Amino acid sequence: MNKLADTALEDIEIELFVRALKLRHGYDFTQYAPASLRRRVLQLAHAQQADTVSALTTRLLHEAGFLPVVLEGLSVPVSEMFRDPDVFKTLREQVFPVLASYPQINIWQAGCAHGQEVYSLAILLEEAGLYERTQIYATDFNESALKHAQEGIYPAKEAQLWSRNYLAAGGSHTLADYYSARYELLKLDQRLRRNVTFANHNLVTDEVFCEAHLVLCRNVLIYFSDPLQDRTLALFRDSLVRGGFLCLGTRESLDFAPSAADFTPVDAARRIYRLGSRSGKE
Amino acid sequence: MATPQAIVIGCSAGGLTALEQLFAGLDPALPQPIAVCCHTGSATVDLLCELLAKHATLPVEEARERAPMRGGVIHVAPSGYHLLVETSRRFALSVDQRVSFARPSIDVLFESAAEAYRDTLIGIVLTGANSDGADGLLQVRQGGGLAVVQEPSDAEVSTMPAAALERAGADHCLPLAAIAPLLNRLCLP
């Protein structure tokens with residue numbers, strides 16, 4: 001069989017796999033951007049030493065305990081602390097002063113993966129003197145990622161980059177004040193978790209669950225198709241208080257999302273927006 | 001191969017100089033979209049785009065998430081993200097794991113573009129110090145696309161083109177100076 005036919009067959013197998021995941025387990029990836037999803041499914045097949053994607057589908061349908069493996073493979077949570085430090089700096093300088101005017105601050109970190117950004121945020125809030133009255137909701141659909149996020153344990157080799165990022169983000173101490181390193185691992189100060197609620201929430205299927213002053217969702221919507229991206233932006237809109245803030249990844253595009261009209265850029269280059277259209281209604 | 005509809009290019013060490021020379025030689029009437037993945041190690045590709053634009057006969061810009069690949073435009077993969085082409089022929093980004101220690105990865109760009117363009121794609125591997133792009137170029141060929149590799153002895157760093165040749169082979173293995181004329185010949189109506 002030639003390679004062209006191989007690829008077409010693979011496409012059919014991937015479609016069936018995604019359908020099986022939805023029908024059997026209720027996890028809906030049908031609205032994910034196809035190119036990345038395809039890579040992840042093929043990588044998962046490779047990692048599981050499955051000869052075909054169909055072999056994965058069989059296990060998904062019949063093997064108890066295989067679902068978490070699949071979800072882990074399809075979510076590939078990669079991040080770092082204070083990734084894009086100037087974004088965190090802008091949050092601190094432009095957004096925190098507004099948040100400070102609220103007696104109670106709610107922040108939703110949507111798609112928190114392994115939690116690096118949750119801890120980054122907690123540190124900045126602590127240093128700004130706002131953390132005591134802040135509640136952070138950190139959500140993800142991947143249960144094992146949430147568990148990892150809760151533990152706050154990462155490879156120690158990350159410390160150097162993360163420390164640099166922290167300082168570039170305007171941190172006023174040193175990152176080492178917030179973690180203890182042992183052997184090859186570093187563990188973040190668990191006191192940073194005191195106002196964080198980790199919860200399972202799936203942006204594809206779940207609804208509004210809090211009233212937030214700031215929603216952070218960086219590099220999550222890049223995996224969504226246009227309609228799902230738009231639906232999720234509407235979900236953020238409905239979750240935010242009037243004048244609430246939204247922070248996306250620095251290379252995300254809202255050009256194909258009608259719901260983007262509900263937001264006004266605060267800092268367009270850093271993808272920080274405020275709920276309220278340009279016409280002035282907030 | 002069928003009439004080319006898109007060109008993808010990968011390079012790393014020595015890439016800037018090679019791309020400057022290549023883009024200076026392209027016919028400004030070239031109608032195909034071009035996407036480039038060049039490992040830079042910088043936080044942004046602003047400077048890379050600026051430098052390339054000084055020499056290029058075609059407009060150079062950073063590839064934008066969800067935007068269509070535009071004909072006659074050189075799109076540069078942003079730093080820190082994999083650049084993919086959807087079958088809708090629009091760009092997508094990902095922050096998945098590095099591939100061959102690289103993000104953006106040439107393999108990821110080439111594999112997705114091969115899926116989107118099949119036998120109407122031209123894949124080009126230039127100078128570089130690792131083997132990223134070799135698997136991707138194989139996918140380009142297996143999809144019926146055309147593979148062009150810079151002659152390793154002509155490259156500033158030969159590792160990348162040599163790895164591509166070994167893994168995928170090539171339809172054309174040429175010195176850099178001959179690649180722009182080849183593209184002009186293949187791509188102009």
# chains A, B, ... in the order shown; residues from 1 in each chain; ligands from 1
>>> closest_atom_pairs(of="chain A", to="chain B", cutoff="9 Å", atoms="only C-alpha atoms", output="tab-separated table")
residue	atom	partner	partner_atom	distance
A:Asn2	CA	B:Gln142	CA	8.2
A:Lys3	CA	B:Gln142	CA	5.6
A:Leu4	CA	B:Gly143	CA	5.7
A:Thr7	CA	B:Glu115	CA	7.8
A:Ala33	CA	B:Ala92	CA	7.8
A:Pro34	CA	B:Glu86	CA	6.8
A:Ala35	CA	B:Glu86	CA	5.5
A:Ser36	CA	B:Ser94	CA	7.0
A:Arg39	CA	B:Val108	CA	8.5
A:Arg40	CA	B:Asp96	CA	8.8
A:Ser75	CA	B:Asp96	CA	8.9
A:Val76	CA	B:Asp96	CA	6.2
A:Pro77	CA	B:Asp96	CA	7.5
A:Val78	CA	B:Asp96	CA	6.3
A:Ser79	CA	B:Val95	CA	8.0
A:Asp84	CA	B:Ala43	CA	8.9
A:Asn219	CA	B:Val95	CA	7.2
A:Val220	CA	B:Ser94	CA	9.0
A:Ile222	CA	B:Leu93	CA	6.2
A:Tyr223	CA	B:Ser94	CA	7.0
A:Asp226	CA	B:Arg66	CA	8.4
A:Arg251	CA	B:Glu65	CA	6.7
A:Glu252	CA	B:Glu65	CA	6.0
A:Ser253	CA	B:Glu65	CA	5.6
A:Leu254	CA	B:Arg66	CA	8.7
A:Asp255	CA	B:Arg66	CA	7.9
A:Phe256	CA	B:Arg66	CA	7.7
>>> select_by_dssp(residues="stretch 43-235 of chain A", states="strand (DSSP E)", output="ChimeraX atom specification")
/A:105-110,134-140,153-155,179-182,185-188,196-200,212-217
>>> write_last_selection(atoms="N, CA and C atoms", output="CSV table (one decimal), in the first residue's frame")
chain,number,residue,atom,x,y,z
A,105,ILE,N,-10.9,38.9,45.7
A,105,ILE,CA,-10.5,38.8,44.3
A,105,ILE,C,-10.6,37.3,43.9
A,106,ASN,N,-11.3,37.0,42.8
A,106,ASN,CA,-11.4,35.7,42.3
A,106,ASN,C,-10.7,35.6,41.0
A,107,ILE,N,-9.8,34.6,40.9
A,107,ILE,CA,-9.0,34.4,39.6
A,107,ILE,C,-9.2,33.0,39.2
A,108,TRP,N,-9.5,32.8,37.9
A,108,TRP,CA,-9.7,31.5,37.3
A,108,TRP,C,-8.5,31.2,36.3
A,109,GLN,N,-7.8,30.2,36.7
A,109,GLN,CA,-6.7,29.8,35.8
A,109,GLN,C,-7.3,28.5,35.1
A,110,ALA,N,-7.6,28.7,33.8
A,110,ALA,CA,-8.3,27.7,33.1
A,110,ALA,C,-7.3,26.9,32.3
A,134,THR,N,-7.4,36.8,48.0
A,134,THR,CA,-7.6,36.2,46.6
A,134,THR,C,-7.9,34.7,46.7
A,135,GLN,N,-8.9,34.3,45.9
A,135,GLN,CA,-9.2,32.9,45.7
A,135,GLN,C,-8.8,32.5,44.2
A,136,ILE,N,-7.9,31.6,44.1
A,136,ILE,CA,-7.6,31.1,42.7
A,136,ILE,C,-8.3,29.8,42.5
A,137,TYR,N,-9.0,29.7,41.4
A,137,TYR,CA,-9.6,28.4,40.9
A,137,TYR,C,-8.7,27.9,39.8
A,138,ALA,N,-8.0,26.8,40.0
A,138,ALA,CA,-7.1,26.2,39.0
A,138,ALA,C,-7.8,25.0,38.5
A,139,THR,N,-8.1,25.0,37.2
A,139,THR,CA,-8.9,23.9,36.7
A,139,THR,C,-8.2,23.2,35.5
A,140,ASP,N,-8.5,22.0,35.3
A,140,ASP,CA,-8.0,21.2,34.2
A,140,ASP,C,-8.9,20.0,34.0
A,153,ILE,N,5.7,19.7,42.5
A,153,ILE,CA,7.1,19.2,42.4
A,153,ILE,C,7.5,19.2,41.0
A,154,TYR,N,8.7,19.7,40.7
A,154,TYR,CA,9.2,19.8,39.3
A,154,TYR,C,10.7,19.5,39.3
A,155,PRO,N,11.2,19.2,38.1
A,155,PRO,CA,12.6,18.9,38.0
A,155,PRO,C,13.5,20.1,38.4
A,179,TYR,N,10.9,27.8,47.1
A,179,TYR,CA,11.0,26.3,46.9
A,179,TYR,C,12.1,25.7,47.7
A,180,SER,N,12.0,24.4,48.0
A,180,SER,CA,13.2,23.7,48.5
A,180,SER,C,13.6,22.7,47.5
A,181,ALA,N,14.9,22.5,47.3
A,181,ALA,CA,15.4,21.6,46.3
A,181,ALA,C,16.0,20.4,47.0
A,182,ARG,N,15.8,19.2,46.5
A,182,ARG,CA,16.3,18.0,47.1
A,182,ARG,C,16.6,17.1,45.9
A,185,LEU,N,14.9,17.2,42.4
A,185,LEU,CA,13.6,17.8,42.4
A,185,LEU,C,13.5,19.1,43.2
A,186,LEU,N,12.6,20.0,42.8
A,186,LEU,CA,12.3,21.1,43.6
A,186,LEU,C,10.8,21.1,44.0
A,187,LYS,N,10.5,21.5,45.2
A,187,LYS,CA,9.1,21.5,45.7
A,187,LYS,C,8.8,22.9,46.1
A,188,LEU,N,7.7,23.4,45.5
A,188,LEU,CA,7.3,24.8,45.8
A,188,LEU,C,6.6,24.8,47.2
A,196,VAL,N,-5.7,28.3,46.9
A,196,VAL,CA,-5.9,27.8,45.5
A,196,VAL,C,-6.9,26.6,45.7
A,197,THR,N,-7.9,26.6,44.8
A,197,THR,CA,-8.8,25.4,44.8
A,197,THR,C,-8.5,24.7,43.4
A,198,PHE,N,-8.0,23.5,43.5
A,198,PHE,CA,-7.8,22.7,42.2
A,198,PHE,C,-9.1,22.0,41.9
A,199,ALA,N,-9.6,22.1,40.7
A,199,ALA,CA,-10.9,21.4,40.4
A,199,ALA,C,-10.9,20.9,39.0
A,200,ASN,N,-11.6,19.8,38.8
A,200,ASN,CA,-11.7,19.3,37.4
A,200,ASN,C,-12.8,20.1,36.7
A,212,ALA,N,-15.4,35.6,38.2
A,212,ALA,CA,-14.0,35.9,38.3
A,212,ALA,C,-13.7,37.4,37.9
A,213,HIS,N,-12.6,37.9,38.5
A,213,HIS,CA,-12.1,39.2,38.2
A,213,HIS,C,-11.0,39.1,37.1
A,214,LEU,N,-10.4,37.9,37.1
A,214,LEU,CA,-9.3,37.7,36.1
A,214,LEU,C,-9.4,36.2,35.7
A,215,VAL,N,-9.4,36.0,34.3
A,215,VAL,CA,-9.3,34.7,33.8
A,215,VAL,C,-7.9,34.6,33.1
A,216,LEU,N,-7.1,33.6,33.5
A,216,LEU,CA,-5.9,33.3,32.7
A,216,LEU,C,-6.1,32.0,32.0
A,217,CYS,N,-5.8,32.0,30.7
A,217,CYS,CA,-5.9,30.8,29.9
A,217,CYS,C,-4.9,30.9,28.8
>>> residues_around(residues="A:Asn202", least_positions_apart="4", cutoff="12 Å", atoms="only C-alpha atoms", output="list in words")
Gly26, Tyr27, Asp28, Phe29, Leu71, Ser75, Ala110, Gly111, Cys112, Ala113, Ala138, Thr139, Asp140, Phe141, Asn142, Glu143, Asp206, Glu207, Val208, Phe209, Val220, Thr232 and Leu235 of chain A
>>> atom_distance(atom1="atom CA of B:Arg90", atom2="atom CA of B:Asp107")
17.5 Å
>>> closest_residue(among="B:Arg70, B:Leu26, B:Pro181, B:Ala77", to="B:Thr44", atoms="only C-alpha atoms")
B:Ala77
>>> select_by_dssp(residues="stretch 46-105 of chain B", states="helix (DSSP H, G or I)", output="list of chain:residue names")
B:Asp46, B:Leu47, B:Leu48, B:Cys49, B:Glu50, B:Leu51, B:Leu52, B:Ala53, B:Lys54, B:His55
>>> write_last_selection(atoms="N, CA and C atoms", output="mmCIF file, in the first residue's frame")
data_model
loop_
_atom_site.group_PDB
_atom_site.id
_atom_site.type_symbol
_atom_site.label_atom_id
_atom_site.label_comp_id
_atom_site.auth_asym_id
_atom_site.auth_seq_id
_atom_site.Cartn_x
_atom_site.Cartn_y
_atom_site.Cartn_z
ATOM 1 N N ASP B 46 11.361 38.701 15.642
ATOM 2 C CA ASP B 46 11.244 40.057 15.075
ATOM 3 C C ASP B 46 12.489 40.439 14.281
ATOM 4 N N LEU B 47 13.643 40.213 14.906
ATOM 5 C CA LEU B 47 14.902 40.598 14.258
ATOM 6 C C LEU B 47 15.147 39.740 13.012
ATOM 7 N N LEU B 48 14.893 38.457 13.126
ATOM 8 C CA LEU B 48 15.070 37.557 11.976
ATOM 9 C C LEU B 48 14.220 38.036 10.793
ATOM 10 N N CYS B 49 12.961 38.357 11.064
ATOM 11 C CA CYS B 49 12.072 38.825 9.986
ATOM 12 C C CYS B 49 12.615 40.115 9.370
ATOM 13 N N GLU B 50 13.064 40.996 10.246
ATOM 14 C CA GLU B 50 13.582 42.293 9.790
ATOM 15 C C GLU B 50 14.808 42.097 8.882
ATOM 16 N N LEU B 51 15.723 41.243 9.316
ATOM 17 C CA LEU B 51 16.944 41.004 8.528
ATOM 18 C C LEU B 51 16.614 40.333 7.194
ATOM 19 N N LEU B 52 15.705 39.361 7.237
ATOM 20 C CA LEU B 52 15.347 38.667 5.996
ATOM 21 C C LEU B 52 14.655 39.614 5.022
ATOM 22 N N ALA B 53 13.830 40.509 5.571
ATOM 23 C CA ALA B 53 13.071 41.425 4.712
ATOM 24 C C ALA B 53 13.993 42.342 3.918
ATOM 25 N N LYS B 54 15.183 42.596 4.471
ATOM 26 C CA LYS B 54 16.137 43.469 3.765
ATOM 27 C C LYS B 54 16.610 42.849 2.465
ATOM 28 N N HIS B 55 16.642 41.515 2.415
ATOM 29 C CA HIS B 55 17.161 40.835 1.231
ATOM 30 C C HIS B 55 16.067 40.214 0.363
#
>>> residues_around(residues="A:Arg19", least_positions_apart="4", cutoff="8 Å", atoms="only C-alpha atoms", output="VMD selection string")
chain A and resid 15 23 28 30
>>> residues_around(residues="A:Val53", least_positions_apart="6", cutoff="9 Å", atoms="only C-alpha atoms", output="ChimeraX atom specification")
/A:10,13-14,16-17,41-42,44-45
>>> write_last_selection(atoms="N, CA and C atoms", output="compact mmCIF listing (two decimals), in the first residue's frame")
# COMPACT_ATOMS: atom_id res chain seq x y z
N GLU A 10 -5.08 6.32 8.15
CA GLU A 10 -4.77 6.86 9.48
C GLU A 10 -5.82 7.90 9.89
N GLU A 13 -8.83 6.16 11.08
CA GLU A 13 -8.60 5.55 12.40
C GLU A 13 -8.63 6.59 13.51
N ILE A 14 -8.04 7.77 13.22
CA ILE A 14 -8.02 8.83 14.24
C ILE A 14 -9.43 9.32 14.51
N LEU A 16 -12.17 7.63 14.23
CA LEU A 16 -12.88 6.60 15.01
C LEU A 16 -12.42 6.60 16.46
N PHE A 17 -11.13 6.82 16.66
CA PHE A 17 -10.58 6.88 18.01
C PHE A 17 -11.22 8.03 18.80
N VAL A 41 -2.21 11.87 18.92
CA VAL A 41 -2.76 10.50 18.85
C VAL A 41 -1.68 9.55 18.30
N LEU A 42 -0.98 9.99 17.25
CA LEU A 42 0.06 9.13 16.67
C LEU A 42 1.20 8.91 17.67
N LEU A 44 0.88 8.95 20.92
CA LEU A 44 0.36 8.05 21.94
C LEU A 44 0.44 6.59 21.45
N ALA A 45 0.07 6.39 20.19
CA ALA A 45 0.14 5.04 19.61
C ALA A 45 1.58 4.55 19.65
>>> residues_around(residues="B:Gly145", least_positions_apart="4", cutoff="9 Å", atoms="only C-alpha atoms", output="NGL selection string")
:B and (1-2 or 4 or 114 or 117-123 or 139-141)
>>> closest_atom_pairs(of="stretch 13-98 of chain B", to="stretch 147-153 of chain B", cutoff="12 Å", atoms="only C-alpha atoms", output="CSV")
residue,atom,partner,partner_atom,distance
B:Gly15,CA,B:Gln150,CA,11.4
B:Ala18,CA,B:Gln150,CA,9.8
B:Leu19,CA,B:Gln150,CA,11.6
B:Leu22,CA,B:Gln150,CA,11.0
>>> write_last_selection(atoms="N, CA and C atoms", output="mmCIF file, in the first residue's frame")
data_model
loop_
_atom_site.group_PDB
_atom_site.id
_atom_site.type_symbol
_atom_site.label_atom_id
_atom_site.label_comp_id
_atom_site.auth_asym_id
_atom_site.auth_seq_id
_atom_site.Cartn_x
_atom_site.Cartn_y
_atom_site.Cartn_z
ATOM 1 N N GLY B 15 21.613 29.403 9.262
ATOM 2 C CA GLY B 15 20.365 29.573 8.520
ATOM 3 C C GLY B 15 20.108 30.990 8.033
ATOM 4 N N ALA B 18 21.982 31.775 4.851
ATOM 5 C CA ALA B 18 21.468 30.941 3.762
ATOM 6 C C ALA B 18 20.112 31.449 3.291
ATOM 7 N N LEU B 19 19.235 31.775 4.254
ATOM 8 C CA LEU B 19 17.899 32.253 3.890
ATOM 9 C C LEU B 19 17.980 33.592 3.163
ATOM 10 N N LEU B 22 18.948 32.833 -0.361
ATOM 11 C CA LEU B 22 17.860 32.146 -1.064
ATOM 12 C C LEU B 22 16.737 33.122 -1.422
#
>>> closest_residue(among="A:Asp11, A:Asp86, A:Leu161, A:Ile123", to="A:Asp177", atoms="only C-alpha atoms")
A:Ile123
>>> residues_around(residues="B:Glu166", least_positions_apart="4", cutoff="10 Å", atoms="only C-alpha atoms", output="number ranges by chain")
B: 134, 138, 160-162, 170
>>> atom_distance(atom1="atom CA of B:Phe110", atom2="atom CA of B:Glu61")
18.7 Å
>>> closest_residue(among="B:Cys38, B:Pro33, B:Glu156, B:Ala180", to="B:Gly133", atoms="only C-alpha atoms")
B:Cys38
>>> atom_distance(atom1="atom CA of B:Ile9", atom2="atom CA of B:Leu109")
9.0 Å
